[in-house]
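Accompanying notes for the structure given below.
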Amino acid sequence: MLALNDFSFEFAGRYLYRKATWHIKPNEKIGLVGLNGTGKSTLLRLISGEYELREGSLSKANNMKLGYLNQDLLSVVYDESVRDVVLSGREDLVQIDQEIHRLLEEIEVNYDDKRLNRLSELQEQFGHLGGYDWQSQGDKILEGLGFPTEWLTRPLKELSGGWRMRALLGKLLLMAPDLLLLDEPTNHLDLPTIEWLENYLVEYQGTYVIVSHDKYFLDKTVNRIAEVAHQQLFHYKGNFTQFLEQKEERDALLERQFANQQDYIRQQMRFIQRFRSKASKATAVQSRVKQLEKLDRIELKDNENREFDIKFNIRIKPGKVVTDILEVSKSYGDMSILRNGSAQVLRGDKIALIGANGKGKSTLLRMIAGSEPYDGKIDLGWNVETAFFAQHQLESLNLKSDLLNEIGTVSAEYTEKDLRTVLGCFLFTGEEVFKKVKVLSGGEKSRLALAKTLITQSNFLLLDEPTNHLDMFSAAVLAESLDNYEGSLLFVSHDRTFISRVANKIWWIENGQLREYPGTYDEYNEWIATRPAAPVVVEEKPKAVVESKSAVTSVKTGVSKNQIQRWETQMKELQEKIDQFDLRRTQLEESMVSPEVVSKSDELLILTAEHVKLLSETSKLQKEYDDILEQWMENHE
Ligand SMILES: Nc1ncnc2c1ncn2[C@@H]1O[C@H](COP(=O)(O)OP(=O)(O)OP(=O)(O)O)[C@@H](O)[C@H]1O
Ligand SMILES: [Mg+2]
């Protein structure tokens, strides 16, 4: 239903895609994954027509209805009510509905057959298009997305970014387009809503592409993965876990291929070094040099293996009790969040505050940070310095400044070198530090805002959904640094991997009380459950070759003519084999980068495996050849 062929796309000379290919077939449920900043959002914008393709082609099925949920919704302003926005997902029904109402009003004053006929025609059409369950369907979606009833009539523009996004998601779900494109839909959802969406999508009759970094979510909702990496799209069958397994296998193969090629190159270099001064061997040496030049060098990607040890210091050590929450109450209108809730944060606590949205998790963080009124007492302990991170930090980044200037606003204490190191820890390297905030991807903006929070050297961090927008790699980097962080931590998160990695205590709000489980997330889950109510075989390095070498070199001078001839025949035969192998290898290398193969992961795996084998065989033969050649050179006039 949609085909992108040989397309390339760049921003100011930096290619996100180079001759990539993607064919989306009906009923495919695809997860679009890749590290932050690889170009996933950009790709959805290309498909939805927001960006124009400069190279390659994009073809879509005729009359295909497309629905697109943008990752960045800061600029969305709607005067309509939440419910009307969702219902407008069925523009066709909205129009018929309006016409029916108009006709009914007219008929009251002006009753005639023409109008009556038109009315019954419209009503039939309305029913035919599913008009009679349209509103109840809309309401079901709104309920599933967690909207309190009293919010449905509020203008959308009054709601926070997260809730605006939910309403737009609801609109798309109701629209049920032929191709649904969702860019990180779970970023602003709490666990119960994520689970609701998972189930909704499982039942969904249609094709969709979901960009997400949430492993659990993708595992439930997709049956194919498209991965953006190395300016290409790689396609896999299966869910996210299966993708990770296949990818691991491919990476292992690639590493072996790389090691083999390095071996081969070293061997050739040794030969060249050794004989380059012998005039009689000039041709042999020259041909090796050429071969080396021709070689398509394998590169191991480095950005996926980047590792940084983030250590952020605290300025002063706080007292034992970091925060004392004493009989605190809070409500919004008649919605009560806490009723005389109490709890304590102790030094060294890494607390995850979990549970459904609307229970007031973010509110509690803001109360502790002092930016939200409440009844009761919250005492910060001795020497406690807090730093706060939330989604609105992304909104308050200065879009016009570059990364280095933006992070420099935290404190004048840091030198440019310090700041660059911090940015490096948050995976911005080299020239990237001069990138404008305006062009950053969702994950990049989050990383920058997190970096700003963490260099404040505070000893108590309050983080509201810090892993939203982060890819698995960045989230792992963050988890590790928080693990090693000396201060205390209270964070709200719905990222199950992250919570179980970071938290040593779990908090939740139940019946207006703050509850605590003094253990990790996995232990907590166990407790909740019982609470009443093919690795690649690595070939050994060929030993035989090494042994035969010592046997051959032990031959003394005074070799017979026959021996010399035998060597020559052997070398000829070996050379033929090597040439054959080289030819096959070149063919393989060509097909391995061809779009048809690149887009099929299983085929690529087979070719890569053959390539690994060929490289190691060639290397073996070459060594054999060189050993004989060495003998021949020493004994031949
Ligand atoms: N107008 C622009 N000019 C220059 N670079 C841009 C522009 N828009 C985006 N970029 C860069 O292109 C890269 C890809 O951006 P994109 O938003 O598509 O990434 P993404 O894969 O969606 O990442 P994330 O997972 O963080 O959302 C980023 O490094 C971003 O900074
Ligand atoms: Mg994105």
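How things are named: the first chain in the structure tokens is A, the next is B, and so on; residues count from 1 in each chain; ligands count from 1 in the order shown.
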Let me see if you get this right: every residue at most 10 Å from ligand 2, counting only C-alpha atoms and all ligand atoms, written as a PDB file with C-alpha atoms, in the first residue's frame.
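Just written: result12.pdb:
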ATOM      1  CA  VAL A  33      12.870   1.633  15.911  1.00  0.00           C
ATOM      2  CA  GLY A  34      16.344   3.114  16.053  1.00  0.00           C
ATOM      3  CA  LEU A  35      18.507   5.245  18.259  1.00  0.00           C
ATOM      4  CA  ASN A  36      17.591   8.847  19.056  1.00  0.00           C
ATOM      5  CA  GLY A  37      18.229  11.142  16.155  1.00  0.00           C
ATOM      6  CA  THR A  38      18.501   8.454  13.474  1.00  0.00           C
ATOM      7  CA  GLY A  39      15.528   9.918  11.598  1.00  0.00           C
ATOM      8  CA  LYS A  40      12.383   8.049  12.613  1.00  0.00           C
ATOM      9  CA  SER A  41      10.216  11.135  13.056  1.00  0.00           C
ATOM     10  CA  THR A  42      11.663  12.525   9.869  1.00  0.00           C
ATOM     11  CA  LEU A  43      10.634   9.377   8.020  1.00  0.00           C
ATOM     12  CA  LEU A  44       7.040   9.638   9.250  1.00  0.00           C
ATOM     13  CA  ASN A  70       3.279  13.880  15.741  1.00  0.00           C
ATOM     14  CA  GLN A  71       5.819  13.395  18.544  1.00  0.00           C
ATOM     15  CA  ASP A  72       6.081  17.105  19.170  1.00  0.00           C
ATOM     16  CA  ASP A 183       5.250   8.712  16.793  1.00  0.00           C
ATOM     17  CA  GLU A 184       6.004   7.630  20.370  1.00  0.00           C
ATOM     18  CA  VAL A 211       7.728   4.607  16.632  1.00  0.00           C
ATOM     19  CA  SER A 212       8.540   3.605  20.182  1.00  0.00           C
ATOM     20  CA  LEU A 440      16.896  18.491  17.901  1.00  0.00           C
ATOM     21  CA  SER A 441      14.879  15.278  17.834  1.00  0.00           C
ATOM     22  CA  GLY A 442      12.643  14.366  20.770  1.00  0.00           C
ATOM     23  CA  GLY A 443      15.291  12.230  22.420  1.00  0.00           C
ATOM     24  CA  GLU A 444      18.016  14.774  21.852  1.00  0.00           C
ATOM     25  CA  HIS A 469      11.700  10.078  24.249  1.00  0.00           C
ATOM     26  CA  LEU A 470      14.930   8.273  25.183  1.00  0.00           C
ATOM     27  CA  ASP A 471      16.042   5.244  23.170  1.00  0.00           C
TER      28      ASP A 471
END
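Taking only C-alpha atoms, the non-local environment of Leu365 in chain A within 8 Å (same-chain residues fewer than 5 positions away omitted) comprises Leu462, Leu463, Asp464 and Leu490 of chain A.
Take CA of Leu179 in chain A and CA of Leu58 in chain A: the distance between them is 14.6 Å.
A straight line drawn from CA of Glu568 in chain A to CA of Gln291 in chain A is 21.3 Å long.
Among the candidate residues A:Met472, A:Leu172, A:Ala279, A:Leu93, the one lying nearest to ligand 1 is A:Met472, with distances computed using only C-alpha atoms and all ligand atoms.
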Task: Secondary structure check, alpha helix (DSSP H) residues of range 345-588 of chain A, as a ChimeraX atom specification - done: /A:361-369,391-395,403-408,416-425,442-454,472-484,496-502,521-530,543-553,561-588
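Distances to ligand 1 were evaluated for A:Leu364, A:Leu152, A:Val437, A:Leu87 using only C-alpha atoms and all ligand atoms, and the minimum falls at A:Val437.
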Task: Distance query range 398-402 of chain A at most 6 Å, only C-alpha atoms, self and fewer than 3 positions along chain excluded, as a list of chain:residue names - done: A:Asn405, A:Glu406, A:Phe434, A:Lys435, A:Lys436, A:Val437, A:Lys438
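When only C-alpha atoms and all ligand atoms are used to measure the gap to ligand 1, the shortest distance among A:Thr363, A:Asn117, A:Asn110, A:Thr429 belongs to A:Thr429.
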TODO: Within 10 Å of range 478-487 of chain A, counting only C-alpha atoms, which residues show up once you throw out same-chain ones fewer than 5 positions away? Write them as a PyMOL selection string, please.
DONE: chain A and resi 308-318+322+347-350+384-386+425-426+447+450-451+454+457-461+466-467+470+472-473+497-504
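Coordinates place atom 25 (O, counted along the ligand's line) of ligand 1 at a distance of 19.7 Å from CA of Gly430 in chain A.
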Cut-off 12 Å: closest range 254-298 of chain A/range 569-588 of chain A atom pairs per residue, using only C-alpha atoms, as a tab-separated table:
residue	atom	partner	partner_atom	distance
A:Gln257	CA	A:Arg585	CA	11.8
A:Gln261	CA	A:Arg585	CA	11.6
A:Ala284	CA	A:Gln575	CA	11.5
A:Ser287	CA	A:Asp579	CA	11.9
A:Gln291	CA	A:Asp582	CA	9.4
A:Leu292	CA	A:Asp582	CA	11.5
A:Lys294	CA	A:Thr586	CA	9.5
A:Leu295	CA	A:Thr586	CA	8.6
A:Asp296	CA	A:Thr586	CA	8.4
A:Arg297	CA	A:Thr586	CA	11.6
Task: Shell of 12 Å around Gly131 in chain A, only C-alpha atoms, local chain residues under 5 positions omitted, as a VMD selection string - done: chain A and resid 87 90 to 97 100 122 to 126 136 to 138 174
Expected file: the selected residues, C-alpha atoms, as a short mmCIF file (atom, residue, chain, number, x, y, z; two decimals), in the first residue's frame:
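So again-v7.cif came out as:
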data_model
loop_
_atom_site.label_atom_id
_atom_site.label_comp_id
_atom_site.auth_asym_id
_atom_site.auth_seq_id
_atom_site.Cartn_x
_atom_site.Cartn_y
_atom_site.Cartn_z
CA LEU A 87 -15.23 12.93 17.30
CA ARG A 90 -14.78 10.96 11.58
CA GLU A 91 -15.00 14.13 9.52
CA ASP A 92 -17.51 12.43 7.19
CA LEU A 93 -19.93 11.74 10.04
CA VAL A 94 -19.47 15.20 11.50
CA GLN A 95 -20.62 16.67 8.23
CA ILE A 96 -23.62 14.40 7.74
CA ASP A 97 -24.58 14.92 11.36
CA ILE A 100 -29.14 16.26 9.42
CA LEU A 122 -28.83 11.14 4.94
CA GLN A 123 -29.97 9.08 7.89
CA GLU A 124 -29.47 5.91 5.93
CA GLN A 125 -26.02 7.00 4.86
CA PHE A 126 -25.23 7.97 8.42
CA SER A 136 -20.34 5.96 21.90
CA GLN A 137 -17.17 4.67 20.27
CA GLY A 138 -15.60 8.07 20.78
CA LEU A 174 -11.62 6.83 15.98
#
